Amino acid sequence: MMLRMTRLDQASGEVRRTRSEGNGQGRNLPAGDGNGLDPTLRPATPTELATAIHATPHKMVMAFAGAGAQSLAWLHSVGGSSRTVLAALDIYTPASMAALVGFMPARFTSRRVARAMARRARALASDFANPADPVFGLASTATIATDRAKRGEHRVAAAVNDAFGTVTYYLTLEKDARDRGGEEEIVSLLLLAAAADACGVLSRPDLPLVADERVDTTFMAADLLADLEEGDRQMVVMRPDGALVSRSGAEQHVILSGSFNPLHRGHLELAAAAERHVGLPALFELPLLNAEKAPIGLLEARRRAQQFAGRGSVALTRAPLFLEKASLFPGSVFVVGLDTAERILEPRFYGGQEGRDRALDQIASHGCRFLVAGRLDPDEGYKTLRNLTLPRSCAGLFEELPEDDFRRDVSSTEIRAKWLG
């Protein structure tokens with residue numbers, strides 16, 4: 001996919017600038033995986049993907065024009081569709097389109113119209129859903145093969161509008177590569193994929209595109225997120241209801257930081273165990289910048305953050321280092337695995353032992369410390385904090401989370417490998 005990102009003015013819904021892109025506390029964190037299913041299984045069919053979507057707490061209103069009805073049929077073909085679909089609108093005349101979007105489009109199959117449809121669909125979803133439900137609007141407008149010859153392109157513009165902003169998908173279909181049924185299927189698969197992204201379902205089938213077909217994806221980021229990416233703010237928090245706020249409600253937390261690709265049961269259970277052990281509310285952190293990995297773009301961060309809907313609050317930050325995190329979250333306890341604790345103590349990341357000791361002293365000055373969970377070593381068995389040699393000067397910064405309180409031998413890396421397998 002080709003990806004561009006633009007900024008959305010939330011008041012007007014219009015683009016403000018363009019660039020390229022390569023408060024609830026959740027105190028009772030439910031067990032389960034990111035989409036409620038076995039995370040090692042990659043959905044292989046539309047109905048399996050629909051099942052994964054229904055396993056999330058997201059609610060939507062969808063509106064489609066010209067094509068896309070099959071996506072609704074797939075969503076309704078498996079149990080649980082009422083947990084996701086609040087209403088669906090099949091727009092088939094100029095008058096019904098104008099009534100939905102509030103203007104008469106000069107060109108019906110366009111990104112502008114798809115975005116307007118998605119914004120209106122989200123407004124309806126907010127009216128129909130409970131206040132605690134994360135909601136989005138899903139829309140598409142398409143022109144595909146019919147019973148008469150068409151001189152213009154066969155194409156689809158689809159969009160999703162949620163608290164993060166608006167994502168638009170545009171696809172021009174190769175003429176004569178499919179019949180009407182085949183083009184309807186592609187449009188519907190695109191809509192299902194867009195819904196999966198909005199629900200934080202990270203693993204999904206690829207679209208069966210042909211020749212030079214590609215989906216052109218643009219992201220109009222909400223102001224809070226655009227400010228975060230530009231460095232004008234250091235943190236944005238997504239609450240369990242999907243809303244974005246500038247900070248979490250509590251002053252102190254137990255904080256579990258990670259890339260969450262994907263979120264799995266181990267993350268949720270570790271946060272819950274740390275919450276019980278320390279007595280502070282849990283907050284997940286998804287840093288866009290990482291000292292050892294490539295940056296995470298806002299569109300990908302949106303997909304990963306949506307995994308936490310209904311489960312807990314997640315902070316998107318620009319703080320790759322724990323010293324920076326300590327400044328953002330003074331008085332908090334950082335929950336880390338043993339491998340992360342080893343890296344925190346490694347002098348080479350600080351330019352030497354003196355630099356490390358100075359950084360750890362600064363973390364302590366913010367009232368922060370580390371709670372360390374053990375991990376399974378394939379050669380040495382289960383290892384805990386007792387297997388590390390702690391410098392005497394910082395021993396008080398680290399506490400072991402007992403194995404009896406938490407142990408789950410699973411990793412996101414292993415899950416992604418099983419997806420590929």
# chains A, B, ... in the order shown; residues from 1 in each chain; ligands from 1
>>> select_by_dssp(residues="region 170-373 of chain A", states="helix (DSSP H, G or I)", output="ChimeraX atom specification")
/A:180-198,223-229,265-278,298-308,322-328,338-344,347-350,353-365
>>> closest_atom_pairs(of="region 262-339 of chain A", to="region 150-164 of chain A", cutoff="10 Å", atoms="only C-alpha atoms", output="tab-separated table")
residue	atom	partner	partner_atom	distance
A:Leu298	CA	A:Phe164	CA	9.0
A:Leu299	CA	A:Phe164	CA	8.8
A:Ala301	CA	A:Phe164	CA	9.9
A:Arg302	CA	A:Phe164	CA	6.9
A:Arg303	CA	A:Phe164	CA	10.0
A:Ala305	CA	A:Phe164	CA	10.0
A:Gln306	CA	A:Phe164	CA	9.8
>>> write_last_selection(atoms="N, CA and C atoms", output="JSON list (two decimals), in the first residue's frame")
[["chain", "number", "residue", "atom", "x", "y", "z"],
["A", 298, "LEU", "N", 1.98, 6.96, 12.78],
["A", 298, "LEU", "CA", 0.70, 7.16, 13.45],
["A", 298, "LEU", "C", -0.38, 6.18, 13.00],
["A", 299, "LEU", "N", -0.39, 5.82, 11.73],
["A", 299, "LEU", "CA", -1.43, 4.91, 11.26],
["A", 299, "LEU", "C", -1.24, 3.52, 11.87],
["A", 301, "ALA", "N", 0.39, 3.00, 14.69],
["A", 301, "ALA", "CA", 0.13, 3.19, 16.13],
["A", 301, "ALA", "C", -1.37, 3.13, 16.40],
["A", 302, "ARG", "N", -2.17, 3.68, 15.49],
["A", 302, "ARG", "CA", -3.63, 3.61, 15.64],
["A", 302, "ARG", "C", -4.10, 2.16, 15.66],
["A", 303, "ARG", "N", -3.63, 1.34, 14.77],
["A", 303, "ARG", "CA", -4.03, -0.07, 14.73],
["A", 303, "ARG", "C", -3.67, -0.78, 16.03],
["A", 305, "ALA", "N", -2.97, 0.60, 19.01],
["A", 305, "ALA", "CA", -3.67, 1.17, 20.17],
["A", 305, "ALA", "C", -5.09, 0.64, 20.26],
["A", 306, "GLN", "N", -5.74, 0.41, 19.11],
["A", 306, "GLN", "CA", -7.13, -0.03, 19.13],
["A", 306, "GLN", "C", -7.28, -1.41, 19.77]]
>>> closest_atom_pairs(of="region 99-171 of chain A", to="region 79-83 of chain A", cutoff="12 Å", atoms="only C-alpha atoms", output="Markdown table")
| residue | atom | partner | partner_atom | distance |
| --- | --- | --- | --- | --- |
| A:Ala129 | CA | A:Arg83 | CA | 10.3 |
| A:Asn130 | CA | A:Arg83 | CA | 11.7 |
| A:Asp133 | CA | A:Arg83 | CA | 10.4 |
| A:Pro134 | CA | A:Arg83 | CA | 11.6 |
| A:Val135 | CA | A:Arg83 | CA | 11.5 |
>>> residues_around(residues="Thr384 (chain A)", least_positions_apart="4", cutoff="7 Å", atoms="only C-alpha atoms", output="list of chain:residue names")
A:Leu338, A:Ala373, A:Gly374, A:Arg375
>>> write_last_selection(atoms="C-alpha atoms", output="CSV table (one decimal), in the first residue's frame")
chain,number,residue,atom,x,y,z
A,338,LEU,CA,14.2,-9.6,32.6
A,373,ALA,CA,9.1,-10.1,35.7
A,374,GLY,CA,11.0,-13.3,34.9
A,375,ARG,CA,11.3,-15.0,31.5
>>> closest_residue(among="A:Met62, A:Val336, A:Ala139, A:Leu41", to="Ala417 (chain A)", atoms="only C-alpha atoms")
A:Leu41
>>> residues_around(residues="region 389-395 of chain A", least_positions_apart="6", cutoff="10 Å", atoms="only C-alpha atoms", output="JSON, numbers by chain")
{"A": [341, 342, 345, 357, 360, 361, 364, 369]}
>>> residues_around(residues="Arg214 (chain A)", least_positions_apart="4", cutoff="12 Å", atoms="only C-alpha atoms", output="list in words")
Met1, Met2, Leu3, Arg155, Val156, Tyr169, Tyr170, Leu171, Thr172, Leu173, Glu174, Ile186, Leu190, Asp206, Leu207, Pro208, Leu209 and Val210 of chain A
>>> write_last_selection(atoms="C-alpha atoms", output="mmCIF file, in the first residue's frame")
data_model
loop_
_atom_site.group_PDB
_atom_site.id
_atom_site.type_symbol
_atom_site.label_atom_id
_atom_site.label_comp_id
_atom_site.auth_asym_id
_atom_site.auth_seq_id
_atom_site.Cartn_x
_atom_site.Cartn_y
_atom_site.Cartn_z
ATOM 1 C CA MET A 1 0.000 0.000 0.000
ATOM 2 C CA MET A 2 1.089 3.562 -0.643
ATOM 3 C CA LEU A 3 0.616 5.673 2.474
ATOM 4 C CA ARG A 155 -12.899 2.332 -8.597
ATOM 5 C CA VAL A 156 -13.740 2.506 -4.915
ATOM 6 C CA TYR A 169 -8.549 3.918 1.003
ATOM 7 C CA TYR A 170 -8.659 4.413 -2.776
ATOM 8 C CA LEU A 171 -8.414 1.609 -5.316
ATOM 9 C CA THR A 172 -8.700 1.708 -9.098
ATOM 10 C CA LEU A 173 -9.694 -1.720 -10.433
ATOM 11 C CA GLU A 174 -8.264 -3.138 -13.619
ATOM 12 C CA ILE A 186 -12.843 -6.807 -3.859
ATOM 13 C CA LEU A 190 -11.426 -3.767 1.312
ATOM 14 C CA ASP A 206 -4.069 -9.843 1.945
ATOM 15 C CA LEU A 207 -6.338 -8.392 -0.736
ATOM 16 C CA PRO A 208 -6.263 -10.460 -3.954
ATOM 17 C CA LEU A 209 -5.177 -7.609 -6.232
ATOM 18 C CA VAL A 210 -3.983 -8.075 -9.803
#
>>> select_by_dssp(residues="region 69-291 of chain A", states="strand (DSSP E)", output="ChimeraX atom specification")
/A:85-91,135-143,154-162,165-173,215-221,235-238,244-245,254-257,282-287
>>> write_last_selection(atoms="C-alpha atoms", output="JSON list (two decimals), in the first residue's frame")
[["chain", "number", "residue", "atom", "x", "y", "z"],
["A", 85, "VAL", "CA", -22.93, -3.38, 13.56],
["A", 86, "LEU", "CA", -25.26, -0.72, 14.94],
["A", 87, "ALA", "CA", -26.79, 0.13, 11.55],
["A", 88, "ALA", "CA", -26.01, -0.10, 7.85],
["A", 89, "LEU", "CA", -27.07, 2.27, 5.08],
["A", 90, "ASP", "CA", -27.24, 1.27, 1.42],
["A", 91, "ILE", "CA", -27.05, 4.56, -0.50],
["A", 135, "VAL", "CA", -17.18, 3.74, 17.87],
["A", 136, "PHE", "CA", -16.28, 4.41, 14.25],
["A", 137, "GLY", "CA", -17.94, 5.13, 10.94],
["A", 138, "LEU", "CA", -17.15, 2.95, 7.92],
["A", 139, "ALA", "CA", -18.09, 4.06, 4.42],
["A", 140, "SER", "CA", -17.45, 3.43, 0.75],
["A", 141, "THR", "CA", -18.58, 4.76, -2.58],
["A", 142, "ALA", "CA", -17.79, 2.75, -5.69],
["A", 143, "THR", "CA", -18.44, 2.42, -9.38],
["A", 154, "HIS", "CA", -13.93, 1.15, -12.04],
["A", 155, "ARG", "CA", -12.90, 2.33, -8.60],
["A", 156, "VAL", "CA", -13.74, 2.51, -4.91],
["A", 157, "ALA", "CA", -13.11, 5.14, -2.26],
["A", 158, "ALA", "CA", -13.55, 3.90, 1.31],
["A", 159, "ALA", "CA", -13.00, 5.66, 4.63],
["A", 160, "VAL", "CA", -13.04, 5.10, 8.38],
["A", 161, "ASN", "CA", -13.60, 7.92, 10.85],
["A", 162, "ASP", "CA", -12.78, 7.44, 14.55],
["A", 165, "GLY", "CA", -8.94, 10.87, 12.58],
["A", 166, "THR", "CA", -9.91, 9.61, 9.14],
["A", 167, "VAL", "CA", -8.27, 6.88, 7.09],
["A", 168, "THR", "CA", -9.11, 6.85, 3.38],
["A", 169, "TYR", "CA", -8.55, 3.92, 1.00],
["A", 170, "TYR", "CA", -8.66, 4.41, -2.78],
["A", 171, "LEU", "CA", -8.41, 1.61, -5.32],
["A", 172, "THR", "CA", -8.70, 1.71, -9.10],
["A", 173, "LEU", "CA", -9.69, -1.72, -10.43],
["A", 215, "VAL", "CA", -4.58, 0.65, -2.48],
["A", 216, "ASP", "CA", -3.65, 4.30, -1.95],
["A", 217, "THR", "CA", -4.09, 4.99, 1.78],
["A", 218, "THR", "CA", -4.19, 8.45, 3.37],
["A", 219, "PHE", "CA", -4.50, 9.32, 7.04],
["A", 220, "MET", "CA", -5.95, 12.60, 8.30],
["A", 221, "ALA", "CA", -4.74, 12.66, 11.90],
["A", 235, "MET", "CA", 1.91, 12.12, 25.12],
["A", 236, "VAL", "CA", -1.63, 11.27, 24.02],
["A", 237, "VAL", "CA", -3.75, 8.73, 25.90],
["A", 238, "MET", "CA", -6.45, 6.52, 24.41],
["A", 244, "LEU", "CA", -8.20, 10.50, 23.01],
["A", 245, "VAL", "CA", -7.12, 12.79, 25.86],
["A", 254, "VAL", "CA", 2.31, 0.89, 36.96],
["A", 255, "ILE", "CA", 3.39, 1.27, 33.36],
["A", 256, "LEU", "CA", 3.91, -1.54, 30.87],
["A", 257, "SER", "CA", 5.69, -0.26, 27.78],
["A", 282, "ALA", "CA", -2.10, 0.14, 35.19],
["A", 283, "LEU", "CA", -1.28, 2.18, 32.10],
["A", 284, "PHE", "CA", 0.12, 0.73, 28.88],
["A", 285, "GLU", "CA", 2.62, 2.78, 26.90],
["A", 286, "LEU", "CA", 3.21, 2.58, 23.15],
["A", 287, "PRO", "CA", 6.28, 4.72, 22.33]]
>>> atom_distance(atom1="CA of Thr47 (chain A)", atom2="CA of Leu75 (chain A)")
7.0 Å
>>> closest_residue(among="A:Gly331, A:Pro205, A:Gly181, A:Gly367", to="Gln252 (chain A)", atoms="only C-alpha atoms")
A:Gly331
>>> atom_distance(atom1="CA of Arg42 (chain A)", atom2="CA of Leu263 (chain A)")
14.2 Å
>>> residues_around(residues="Leu280 (chain A)", least_positions_apart="3", cutoff="9 Å", atoms="only C-alpha atoms", output="ChimeraX atom specification")
/A:27,252-254,274-277,332-333
>>> closest_residue(among="A:Asp197, A:Asp339, A:Asp404, A:Glu183", to="Leu385 (chain A)", atoms="only C-alpha atoms")
A:Asp339
>>> atom_distance(atom1="CA of Pro402 (chain A)", atom2="CA of Asn261 (chain A)")
25.6 Å
>>> residues_around(residues="Gly310 (chain A)", least_positions_apart="5", cutoff="7 Å", atoms="only C-alpha atoms", output="PyMOL selection string")
chain A and resi 57+240-241
>>> closest_residue(among="A:Ala50, A:Ala69, A:Tyr350, A:Ser203", to="Lys418 (chain A)", atoms="only C-alpha atoms")
A:Ser203
>>> closest_residue(among="A:Arg204, A:Arg343, A:Arg247, A:Lys59", to="Ala123 (chain A)", atoms="only C-alpha atoms")
A:Lys59
>>> closest_residue(among="A:Gly258, A:Arg180, A:Met104, A:Ser188", to="Phe64 (chain A)", atoms="only C-alpha atoms")
A:Ser188
